[in-house]
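Shown next: model_29.pdb, containing PDB, C-alpha atoms.
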```pdb
MODEL        1
ATOM      1  CA  ALA O1121      34.056-119.430 104.156
ATOM      2  CA  GLN O1122      37.660-120.084 103.342
ATOM      3  CA  SER O1123      40.580-119.496 105.639
ATOM      4  CA  VAL O1124      44.268-120.243 105.770
ATOM      5  CA  THR O1125      46.403-120.955 108.811
ATOM      6  CA  GLN O1126      50.155-120.714 108.710
ATOM      7  CA  LEU O1127      51.789-122.193 111.783
ATOM      8  CA  GLY O1128      54.720-120.157 113.023
ATOM      9  CA  SER O1129      55.157-116.490 112.243
ATOM     10  CA  HIS O1130      58.925-117.061 112.154
ATOM     11  CA  VAL O1131      60.950-120.099 111.153
ATOM     12  CA  SER O1132      64.735-120.198 111.561
ATOM     13  CA  VAL O1133      66.976-122.663 109.771
ATOM     14  CA  SER O1134      70.652-122.980 109.065
ATOM     15  CA  GLU O1135      71.975-122.749 105.546
ATOM     16  CA  GLY O1136      71.756-126.193 103.964
ATOM     17  CA  ALA O1137      69.023-127.416 106.305
ATOM     18  CA  LEU O1138      65.542-128.545 105.338
ATOM     19  CA  VAL O1139      62.922-125.829 105.058
ATOM     20  CA  LEU O1140      59.359-126.696 106.120
ATOM     21  CA  LEU O1141      56.679-124.014 106.191
ATOM     22  CA  ARG O1142      53.248-125.194 107.247
ATOM     23  CA  CYS O1143      49.905-124.251 105.748
ATOM     24  CA  ASN O1144      46.468-125.609 106.543
ATOM     25  CA  TYR O1145      43.306-124.463 104.841
ATOM     26  CA  SER O1146      39.638-124.535 105.608
ATOM     27  CA  SER O1147      37.257-124.681 102.698
ATOM     28  CA  SER O1148      33.904-126.278 102.008
ATOM     29  CA  VAL O1149      35.171-127.421  98.632
ATOM     30  CA  PRO O1150      38.701-128.217  97.454
ATOM     31  CA  PRO O1151      40.318-124.899  96.612
ATOM     32  CA  TYR O1152      43.149-123.754  94.458
ATOM     33  CA  LEU O1153      46.243-123.336  96.655
ATOM     34  CA  PHE O1154      49.186-121.000  96.250
ATOM     35  CA  TRP O1155      52.471-120.092  97.870
ATOM     36  CA  TYR O1156      53.851-116.618  97.349
ATOM     37  CA  VAL O1157      57.182-115.193  98.495
ATOM     38  CA  GLN O1158      57.842-111.578  99.410
ATOM     39  CA  TYR O1159      61.394-110.270  99.557
ATOM     40  CA  PRO O1160      62.064-107.060 101.507
ATOM     41  CA  ASN O1161      60.450-104.009  99.927
ATOM     42  CA  GLN O1162      59.130-106.018  97.018
ATOM     43  CA  GLY O1163      55.764-107.306  95.901
ATOM     44  CA  LEU O1164      54.586-110.892  96.048
ATOM     45  CA  GLN O1165      56.038-113.446  93.673
ATOM     46  CA  LEU O1166      54.322-116.723  92.904
ATOM     47  CA  LEU O1167      56.370-119.734  94.033
ATOM     48  CA  LEU O1168      53.979-122.484  93.045
ATOM     49  CA  LYS O1169      50.322-123.417  92.854
ATOM     50  CA  TYR O1170      48.100-126.458  93.072
ATOM     51  CA  THR O1171      44.977-126.630  90.968
ATOM     52  CA  THR O1172      44.232-130.190  89.892
ATOM     53  CA  GLY O1173      46.184-133.319  89.058
ATOM     54  CA  ALA O1174      49.452-134.268  90.716
ATOM     55  CA  THR O1175      49.398-133.433  94.390
ATOM     56  CA  LEU O1176      53.146-132.778  94.590
ATOM     57  CA  VAL O1177      53.825-129.434  92.983
ATOM     58  CA  LYS O1178      57.256-128.127  92.111
ATOM     59  CA  GLY O1179      57.935-124.428  91.993
ATOM     60  CA  ILE O1180      60.746-121.991  91.469
ATOM     61  CA  ASN O1181      63.984-121.845  93.460
ATOM     62  CA  GLY O1182      63.822-125.527  94.413
ATOM     63  CA  PHE O1183      60.629-125.273  96.462
ATOM     64  CA  GLU O1184      57.839-127.803  96.355
ATOM     65  CA  ALA O1185      54.550-128.366  98.144
ATOM     66  CA  GLU O1186      52.231-131.317  98.559
ATOM     67  CA  PHE O1187      48.452-131.060  98.640
ATOM     68  CA  LYS O1188      47.043-133.476 101.209
ATOM     69  CA  LYS O1189      43.274-133.383 101.133
ATOM     70  CA  SER O1190      42.881-135.678 104.131
ATOM     71  CA  GLU O1191      44.972-133.306 106.235
ATOM     72  CA  THR O1192      43.729-130.106 104.524
ATOM     73  CA  SER O1193      47.371-129.122 104.235
ATOM     74  CA  PHE O1194      49.686-127.619 101.655
ATOM     75  CA  HIS O1195      53.078-127.448 103.350
ATOM     76  CA  LEU O1196      56.026-125.857 101.552
ATOM     77  CA  THR O1197      59.412-127.555 101.589
ATOM     78  CA  LYS O1198      62.904-127.149 100.249
ATOM     79  CA  PRO O1199      65.612-129.771 100.869
ATOM     80  CA  SER O1200      68.459-127.323 101.417
ATOM     81  CA  ALA O1201      68.057-123.703 102.491
ATOM     82  CA  HIS O1202      70.071-120.953 100.900
ATOM     83  CA  MET O1203      70.756-117.532 102.354
ATOM     84  CA  SER O1204      68.782-115.994  99.487
ATOM     85  CA  ASP O1205      65.659-117.833 100.663
ATOM     86  CA  ALA O1206      65.290-115.453 103.591
ATOM     87  CA  ALA O1207      61.946-113.767 102.960
ATOM     88  CA  GLU O1208      58.313-113.859 104.009
ATOM     89  CA  TYR O1209      56.150-116.633 102.638
ATOM     90  CA  PHE O1210      52.401-116.530 102.220
ATOM     91  CA  CYS O1211      50.017-119.391 101.635
ATOM     92  CA  ALA O1212      46.761-118.510  99.869
ATOM     93  CA  VAL O1213      43.568-120.184  98.690
ATOM     94  CA  ARG O1214      41.102-119.436  95.963
ATOM     95  CA  ARG O1215      37.682-121.005  95.502
ATOM     96  CA  LEU O1216      37.578-123.718  92.840
ATOM     97  CA  ASN O1217      35.445-123.420  89.732
ATOM     98  CA  THR O1218      34.054-120.000  90.282
ATOM     99  CA  GLY O1219      34.645-116.735  88.544
ATOM    100  CA  PHE O1220      35.497-115.194  91.856
ATOM    101  CA  GLN O1221      39.222-114.719  91.895
ATOM    102  CA  LYS O1222      39.873-113.312  95.342
ATOM    103  CA  LEU O1223      42.855-114.779  97.133
ATOM    104  CA  VAL O1224      42.583-115.406 100.849
ATOM    105  CA  PHE O1225      46.014-115.238 102.456
ATOM    106  CA  GLY O1226      47.495-116.665 105.593
ATOM    107  CA  THR O1227      49.285-114.346 107.988
ATOM    108  CA  GLY O1228      52.682-115.212 106.565
ATOM    109  CA  THR O1229      55.815-116.935 107.837
ATOM    110  CA  ARG O1230      59.137-115.155 107.912
ATOM    111  CA  LEU O1231      61.982-117.496 107.040
ATOM    112  CA  LEU O1232      65.325-116.666 108.618
ATOM    113  CA  VAL O1233      68.425-118.418 107.279
ATOM    114  CA  SER O1234      71.633-118.355 109.286
ATOM    115  CA  PRO O1235      75.094-119.205 107.967
TER
ATOM    116  CA  GLY D1098      57.399-107.552  79.351
ATOM    117  CA  ALA D1099      56.825-104.980  82.063
ATOM    118  CA  GLY D1100      55.242-106.114  85.272
ATOM    119  CA  VAL D1101      52.638-104.415  87.431
ATOM    120  CA  SER D1102      53.742-100.945  88.448
ATOM    121  CA  GLN D1103      52.474 -98.804  91.285
ATOM    122  CA  SER D1104      52.975 -95.180  92.220
ATOM    123  CA  PRO D1105      54.006 -93.601  94.404
ATOM    124  CA  SER D1106      56.219 -96.157  96.111
ATOM    125  CA  ASN D1107      55.889 -94.260  99.362
ATOM    126  CA  LYS D1108      53.306 -91.751 100.516
ATOM    127  CA  VAL D1109      53.274 -89.841 103.778
ATOM    128  CA  THR D1110      50.170 -87.833 104.524
ATOM    129  CA  GLU D1111      48.467 -86.097 107.384
ATOM    130  CA  LYS D1112      45.378 -87.427 109.041
ATOM    131  CA  GLY D1113      42.270 -86.144 107.295
ATOM    132  CA  LYS D1114      43.852 -85.675 103.880
ATOM    133  CA  ASP D1115      42.787 -87.567 100.767
ATOM    134  CA  VAL D1116      45.257 -89.778  98.891
ATOM    135  CA  GLU D1117      45.284 -91.446  95.489
ATOM    136  CA  LEU D1118      47.278 -94.562  94.730
ATOM    137  CA  ARG D1119      47.859 -95.657  91.160
ATOM    138  CA  CYS D1120      48.253 -99.074  89.589
ATOM    139  CA  ASP D1121      49.341 -99.912  86.035
ATOM    140  CA  PRO D1122      48.547-103.562  85.308
ATOM    141  CA  ILE D1123      50.320-105.826  82.884
ATOM    142  CA  SER D1124      49.230-105.065  79.339
ATOM    143  CA  GLY D1125      46.428-107.381  78.235
ATOM    144  CA  HIS D1126      45.349-108.328  81.749
ATOM    145  CA  THR D1127      41.621-107.824  82.169
ATOM    146  CA  ALA D1128      41.486-108.498  85.894
ATOM    147  CA  LEU D1129      42.869-106.124  88.505
ATOM    148  CA  TYR D1130      42.925-106.468  92.291
ATOM    149  CA  TRP D1131      43.783-104.293  95.243
ATOM    150  CA  TYR D1132      44.990-105.769  98.528
ATOM    151  CA  ARG D1133      46.149-104.162 101.744
ATOM    152  CA  GLN D1134      49.015-105.456 103.850
ATOM    153  CA  SER D1135      49.162-104.159 107.394
ATOM    154  CA  LEU D1136      50.604-105.240 110.710
ATOM    155  CA  GLY D1137      48.141-107.315 112.610
ATOM    156  CA  GLN D1138      45.786-107.760 109.659
ATOM    157  CA  GLY D1139      47.990-109.524 107.164
ATOM    158  CA  LEU D1140      47.012-109.372 103.505
ATOM    159  CA  GLU D1141      43.417-108.344 102.922
ATOM    160  CA  PHE D1142      41.467-108.245  99.700
ATOM    161  CA  LEU D1143      39.955-104.841  98.950
ATOM    162  CA  ILE D1144      38.436-104.754  95.466
ATOM    163  CA  TYR D1145      38.439-106.683  92.187
ATOM    164  CA  PHE D1146      37.805-105.458  88.636
ATOM    165  CA  GLN D1147      37.088-107.864  85.793
ATOM    166  CA  GLY D1148      36.684-106.386  82.334
ATOM    167  CA  ASN D1149      33.525-104.315  82.051
ATOM    168  CA  SER D1150      31.737-106.083  84.893
ATOM    169  CA  ALA D1151      30.741-104.274  88.054
ATOM    170  CA  PRO D1152      33.667-104.424  90.482
ATOM    171  CA  ASP D1153      33.575-106.609  93.564
ATOM    172  CA  LYS D1154      33.929-104.096  96.388
ATOM    173  CA  SER D1155      33.263-106.535  99.187
ATOM    174  CA  GLY D1156      36.663-105.986 100.811
ATOM    175  CA  LEU D1157      36.611-102.205 101.079
ATOM    176  CA  PRO D1158      36.761-101.428 104.821
ATOM    177  CA  SER D1159      34.680 -98.239 104.774
ATOM    178  CA  ASP D1160      33.009 -95.749 102.464
ATOM    179  CA  ARG D1161      36.156 -93.625 102.663
ATOM    180  CA  PHE D1162      37.721 -96.112 100.256
ATOM    181  CA  SER D1163      36.898 -96.154  96.565
ATOM    182  CA  ALA D1164      38.544 -97.316  93.386
ATOM    183  CA  GLU D1165      38.061 -96.917  89.707
ATOM    184  CA  ARG D1166      39.555 -98.404  86.616
ATOM    185  CA  THR D1167      39.604 -96.222  83.553
ATOM    186  CA  GLY D1168      39.577 -97.720  80.091
ATOM    187  CA  GLY D1169      40.011-101.186  81.475
ATOM    188  CA  SER D1170      43.629-100.500  82.310
ATOM    189  CA  VAL D1171      44.976 -98.106  84.939
ATOM    190  CA  SER D1172      43.331 -98.146  88.349
ATOM    191  CA  THR D1173      43.267 -95.563  91.107
ATOM    192  CA  LEU D1174      42.528 -96.350  94.738
ATOM    193  CA  THR D1175      41.332 -93.295  96.644
ATOM    194  CA  ILE D1176      41.210 -92.967 100.396
ATOM    195  CA  GLN D1177      39.345 -89.963 101.700
ATOM    196  CA  ARG D1178      39.867 -88.351 105.096
ATOM    197  CA  THR D1179      42.735 -90.703 105.897
ATOM    198  CA  GLN D1180      43.049 -92.159 109.378
ATOM    199  CA  GLN D1181      46.127 -93.552 111.109
ATOM    200  CA  GLU D1182      44.720 -97.069 110.830
ATOM    201  CA  ASP D1183      44.880 -96.683 107.031
ATOM    202  CA  SER D1184      48.683 -96.875 107.252
ATOM    203  CA  ALA D1185      49.673 -99.990 105.339
ATOM    204  CA  VAL D1186      51.218-101.246 102.124
ATOM    205  CA  TYR D1187      48.672-101.254  99.324
ATOM    206  CA  LEU D1188      49.341-103.952  96.759
ATOM    207  CA  CYS D1189      47.920-104.144  93.279
ATOM    208  CA  ALA D1190      47.791-107.317  91.206
ATOM    209  CA  SER D1191      46.601-108.167  87.730
ATOM    210  CA  SER D1192      45.789-111.365  85.873
ATOM    211  CA  LEU D1193      44.507-112.501  82.502
ATOM    212  CA  GLY D1194      41.066-112.787  84.019
ATOM    213  CA  LEU D1195      40.504-116.433  83.228
ATOM    214  CA  ALA D1196      38.080-118.383  85.360
ATOM    215  CA  GLN D1197      40.372-121.339  84.981
ATOM    216  CA  SER D1198      43.036-122.636  87.278
ATOM    217  CA  THR D1199      45.763-121.225  85.050
ATOM    218  CA  ASP D1200      44.905-117.651  86.009
ATOM    219  CA  THR D1201      47.752-116.287  88.105
ATOM    220  CA  GLN D1202      47.829-112.958  89.890
ATOM    221  CA  TYR D1203      50.988-110.913  89.410
ATOM    222  CA  PHE D1204      51.710-108.354  92.082
ATOM    223  CA  GLY D1205      53.226-104.907  91.949
ATOM    224  CA  PRO D1206      55.802-103.658  94.471
ATOM    225  CA  GLY D1207      53.173-101.831  96.500
ATOM    226  CA  THR D1208      52.661 -98.325  97.836
ATOM    227  CA  ARG D1209      53.605 -97.781 101.467
ATOM    228  CA  LEU D1210      51.135 -95.322 102.970
ATOM    229  CA  THR D1211      51.925 -93.621 106.260
ATOM    230  CA  VAL D1212      49.279 -91.465 107.882
ATOM    231  CA  LEU D1213      50.657 -89.152 110.557
TER
ENDMDL
END
```
Starting from the file, give its structure as structure tokens.
Amino acid sequence: AQSVTQLGSHVSVSEGALVLLRCNYSSSVPPYLFWYVQYPNQGLQLLLKYTTGATLVKGINGFEAEFKKSETSFHLTKPSAHMSDAAEYFCAVRRLNTGFQKLVFGTGTRLLVSP
Amino acid sequence: GAGVSQSPSNKVTEKGKDVELRCDPISGHTALYWYRQSLGQGLEFLIYFQGNSAPDKSGLPSDRFSAERTGGSVSTLTIQRTQQEDSAVYLCASSLGLAQSTDTQYFGPGTRLTVL
């Protein structure tokens, strides 16, 4: 069975500071990994995804994430937070090489950005 | 082009009533998914449609929940005899339906269901 753990339900940073949102996964085989962002009263928007190849993945809005198989992690980072980054972020996994497309989500991390 | 749309955006109902939630996927997307987002449960998969294949209903929490997809496009999620624990945001997503890594799910804005 697959699962996703996001450490910290809330993360607070100052504008301009480094953003680090943690995600660890549990899967019997290497999965596909995703980060989604949800702004207030909106649906989920894909930030980035890891499937195969380069383990450092760059996404939209300056975010990036690195797949570390040895640590079963896929942490999301951004060098400098902006006020507009305040939102809820979800890490998700999907089983590799199957036709089964279900996403398994973590519980989410709310990012708070202060001026 | 247009994204995934859902209606209504908000629905308030009384306990015991039936509700129908609608999802219009992105044109050309053969795969459609329903998820539920609730406090304490996070985002849960409910059901998955892929083309003409039998849907994967493994996430439906009880037999009060059902969904259909007519003509391979629009989908309706029906909850019968609603309970207060059904209160949540119901999210619909669609994708091209590829089995490859490039298949990305695009989400609608959700329907917020409140059961009084």
Using only C-alpha atoms, which protein or nucleic acid residues come within 9 Å of Gly1139 of chain D? Drop anything in the same chain fewer than 5 positions from it, and give the result as a CSV table (one decimal) with C-alpha atoms, keeping the file's coordinate frame.
```csv
chain,number,residue,atom,x,y,z
O,1225,PHE,CA,46.0,-115.2,102.5
O,1226,GLY,CA,47.5,-116.7,105.6
O,1227,THR,CA,49.3,-114.3,108.0
O,1228,GLY,CA,52.7,-115.2,106.6
D,1133,ARG,CA,46.1,-104.2,101.7
D,1134,GLN,CA,49.0,-105.5,103.8
```
Counting all atoms listed in the file, which residues of chain O come no farther than 6 Å from chain D, as a ChimeraX atom specification?
/O:1162-1164,1171,1219,1227
Could you turn the residues from that selection into a file that holds C-alpha atoms, as a PDB file, in the frame of the given file?
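Below is the file that was written, again13.pdb:
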```pdb
ATOM      1  CA  GLN O1162      59.130-106.018  97.018  1.00  0.00           C
ATOM      2  CA  GLY O1163      55.764-107.306  95.901  1.00  0.00           C
ATOM      3  CA  LEU O1164      54.586-110.892  96.048  1.00  0.00           C
ATOM      4  CA  THR O1171      44.977-126.630  90.968  1.00  0.00           C
ATOM      5  CA  GLY O1219      34.645-116.735  88.544  1.00  0.00           C
ATOM      6  CA  THR O1227      49.285-114.346 107.988  1.00  0.00           C
TER       7      THR O1227
END
```
Expansion of the PyMOL selection byres ((chain D and resi 1110-1115) around 6) into residues, as a count of residues only
9
Between O:Val1213, O:Val1157, O:Cys1143, O:Leu1196, which residue has the minimum interatomic distance to Leu1176 of chain O, considering only C-alpha atoms?
O:Leu1196
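Between atom CA of Glu1208 of chain O and atom CA of Thr1175 of chain D the interatomic distance comes to 27.7 Å.
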Would you compute, for all listed atoms of segment 1174-1180 of chain D, the axis-aligned bounding box grown by 4 Å on each side, and then report its centre and edge lengths in Å rounded to one decimal, as JSON?
```
{"center_x": 41.2, "center_y": -92.4, "center_z": 102.1, "size_x": 11.7, "size_y": 16.0, "size_z": 22.6}
```
Rank nothing, just name the residue among O:Leu1140, O:Ala1206, O:Ala1212, O:Ala1185 nearest to Thr1125 of chain O, using all atoms listed in the file.
O:Ala1212
Between atom CA of Phe1183 of chain O and atom CA of Gly1100 of chain D, what is the distance in Å, rounded to a tenth?
22.8 Å
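What the PyMOL selection byres ((chain O and resi 1201) around 9) matches in the given file is Val1133, Ser1134, Glu1135, Gly1136, Ala1137, Leu1138, Val1139, Lys1198, Pro1199, Ser1200, His1202, Met1203, Ser1204, Asp1205, Ala1206 and Val1233 of chain O.
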With the input short on atoms, add N, CA, C and O atoms back to segment 1137-1159 of chain O and write it as a PDB file, keeping the file's coordinate frame.
```pdb
ATOM      1  N   ALA O1137      70.015-126.598 105.599  1.00  0.00           N
ATOM      2  CA  ALA O1137      69.023-127.416 106.305  1.00  0.00           C
ATOM      3  C   ALA O1137      67.705-127.456 105.542  1.00  0.00           C
ATOM      4  O   ALA O1137      67.433-126.627 104.672  1.00  0.00           O
ATOM      5  N   LEU O1138      66.869-128.419 105.936  1.00  0.00           N
ATOM      6  CA  LEU O1138      65.542-128.545 105.338  1.00  0.00           C
ATOM      7  C   LEU O1138      64.663-127.365 105.752  1.00  0.00           C
ATOM      8  O   LEU O1138      64.649-126.947 106.902  1.00  0.00           O
ATOM      9  N   VAL O1139      63.912-126.867 104.784  1.00  0.00           N
ATOM     10  CA  VAL O1139      62.922-125.829 105.058  1.00  0.00           C
ATOM     11  C   VAL O1139      61.528-126.469 105.034  1.00  0.00           C
ATOM     12  O   VAL O1139      61.187-127.192 104.082  1.00  0.00           O
ATOM     13  N   LEU O1140      60.743-126.229 106.073  1.00  0.00           N
ATOM     14  CA  LEU O1140      59.359-126.696 106.120  1.00  0.00           C
ATOM     15  C   LEU O1140      58.494-125.562 106.642  1.00  0.00           C
ATOM     16  O   LEU O1140      58.631-125.151 107.798  1.00  0.00           O
ATOM     17  N   LEU O1141      57.623-125.058 105.800  1.00  0.00           N
ATOM     18  CA  LEU O1141      56.679-124.014 106.191  1.00  0.00           C
ATOM     19  C   LEU O1141      55.270-124.606 106.078  1.00  0.00           C
ATOM     20  O   LEU O1141      54.889-125.106 105.028  1.00  0.00           O
ATOM     21  N   ARG O1142      54.525-124.497 107.164  1.00  0.00           N
ATOM     22  CA  ARG O1142      53.248-125.194 107.247  1.00  0.00           C
ATOM     23  C   ARG O1142      52.067-124.317 106.854  1.00  0.00           C
ATOM     24  O   ARG O1142      52.019-123.128 107.191  1.00  0.00           O
ATOM     25  N   CYS O1143      51.127-124.935 106.157  1.00  0.00           N
ATOM     26  CA  CYS O1143      49.905-124.251 105.748  1.00  0.00           C
ATOM     27  C   CYS O1143      48.742-125.220 105.812  1.00  0.00           C
ATOM     28  O   CYS O1143      48.806-126.309 105.230  1.00  0.00           O
ATOM     29  N   ASN O1144      47.716-124.839 106.516  1.00  0.00           N
ATOM     30  CA  ASN O1144      46.468-125.609 106.543  1.00  0.00           C
ATOM     31  C   ASN O1144      45.334-124.703 106.074  1.00  0.00           C
ATOM     32  O   ASN O1144      45.317-123.519 106.372  1.00  0.00           O
ATOM     33  N   TYR O1145      44.396-125.266 105.371  1.00  0.00           N
ATOM     34  CA  TYR O1145      43.306-124.463 104.841  1.00  0.00           C
ATOM     35  C   TYR O1145      41.969-125.008 105.330  1.00  0.00           C
ATOM     36  O   TYR O1145      41.851-126.165 105.734  1.00  0.00           O
ATOM     37  N   SER O1146      40.996-124.154 105.285  1.00  0.00           N
ATOM     38  CA  SER O1146      39.638-124.535 105.608  1.00  0.00           C
ATOM     39  C   SER O1146      38.760-124.073 104.456  1.00  0.00           C
ATOM     40  O   SER O1146      38.740-122.886 104.124  1.00  0.00           O
ATOM     41  N   SER O1147      38.104-125.024 103.834  1.00  0.00           N
ATOM     42  CA  SER O1147      37.257-124.681 102.698  1.00  0.00           C
ATOM     43  C   SER O1147      36.190-125.748 102.549  1.00  0.00           C
ATOM     44  O   SER O1147      36.460-126.929 102.753  1.00  0.00           O
ATOM     45  N   SER O1148      35.005-125.329 102.169  1.00  0.00           N
ATOM     46  CA  SER O1148      33.904-126.278 102.008  1.00  0.00           C
ATOM     47  C   SER O1148      34.077-127.138 100.763  1.00  0.00           C
ATOM     48  O   SER O1148      33.518-128.214 100.650  1.00  0.00           O
ATOM     49  N   VAL O1149      34.856-126.657  99.835  1.00  0.00           N
ATOM     50  CA  VAL O1149      35.171-127.421  98.632  1.00  0.00           C
ATOM     51  C   VAL O1149      36.676-127.316  98.396  1.00  0.00           C
ATOM     52  O   VAL O1149      37.301-126.372  98.853  1.00  0.00           O
ATOM     53  N   PRO O1150      37.254-128.296  97.709  1.00  0.00           N
ATOM     54  CA  PRO O1150      38.701-128.217  97.454  1.00  0.00           C
ATOM     55  C   PRO O1150      39.038-126.932  96.724  1.00  0.00           C
ATOM     56  O   PRO O1150      38.444-126.618  95.696  1.00  0.00           O
ATOM     57  N   PRO O1151      39.982-126.178  97.230  1.00  0.00           N
ATOM     58  CA  PRO O1151      40.318-124.899  96.612  1.00  0.00           C
ATOM     59  C   PRO O1151      41.546-125.001  95.720  1.00  0.00           C
ATOM     60  O   PRO O1151      42.186-126.035  95.644  1.00  0.00           O
ATOM     61  N   TYR O1152      41.837-123.912  95.053  1.00  0.00           N
ATOM     62  CA  TYR O1152      43.149-123.754  94.458  1.00  0.00           C
ATOM     63  C   TYR O1152      44.070-123.250  95.579  1.00  0.00           C
ATOM     64  O   TYR O1152      43.661-122.440  96.402  1.00  0.00           O
ATOM     65  N   LEU O1153      45.311-123.682  95.582  1.00  0.00           N
ATOM     66  CA  LEU O1153      46.243-123.336  96.655  1.00  0.00           C
ATOM     67  C   LEU O1153      47.504-122.730  96.070  1.00  0.00           C
ATOM     68  O   LEU O1153      48.000-123.193  95.035  1.00  0.00           O
ATOM     69  N   PHE O1154      48.044-121.744  96.756  1.00  0.00           N
ATOM     70  CA  PHE O1154      49.186-121.000  96.250  1.00  0.00           C
ATOM     71  C   PHE O1154      50.190-120.738  97.377  1.00  0.00           C
ATOM     72  O   PHE O1154      49.816-120.620  98.541  1.00  0.00           O
ATOM     73  N   TRP O1155      51.448-120.653  96.994  1.00  0.00           N
ATOM     74  CA  TRP O1155      52.471-120.092  97.870  1.00  0.00           C
ATOM     75  C   TRP O1155      53.109-118.920  97.130  1.00  0.00           C
ATOM     76  O   TRP O1155      53.526-119.043  95.970  1.00  0.00           O
ATOM     77  N   TYR O1156      53.174-117.798  97.852  1.00  0.00           N
ATOM     78  CA  TYR O1156      53.851-116.618  97.349  1.00  0.00           C
ATOM     79  C   TYR O1156      55.014-116.290  98.275  1.00  0.00           C
ATOM     80  O   TYR O1156      54.964-116.555  99.479  1.00  0.00           O
ATOM     81  N   VAL O1157      56.040-115.649  97.722  1.00  0.00           N
ATOM     82  CA  VAL O1157      57.182-115.193  98.495  1.00  0.00           C
ATOM     83  C   VAL O1157      57.296-113.678  98.346  1.00  0.00           C
ATOM     84  O   VAL O1157      57.008-113.128  97.271  1.00  0.00           O
ATOM     85  N   GLN O1158      57.660-113.029  99.437  1.00  0.00           N
ATOM     86  CA  GLN O1158      57.842-111.578  99.410  1.00  0.00           C
ATOM     87  C   GLN O1158      59.222-111.250  99.973  1.00  0.00           C
ATOM     88  O   GLN O1158      59.476-111.453 101.163  1.00  0.00           O
ATOM     89  N   TYR O1159      60.080-110.736  99.114  1.00  0.00           N
ATOM     90  CA  TYR O1159      61.394-110.270  99.557  1.00  0.00           C
ATOM     91  C   TYR O1159      61.251-108.842 100.074  1.00  0.00           C
ATOM     92  O   TYR O1159      60.300-108.139  99.713  1.00  0.00           O
TER      93      TYR O1159
END
```
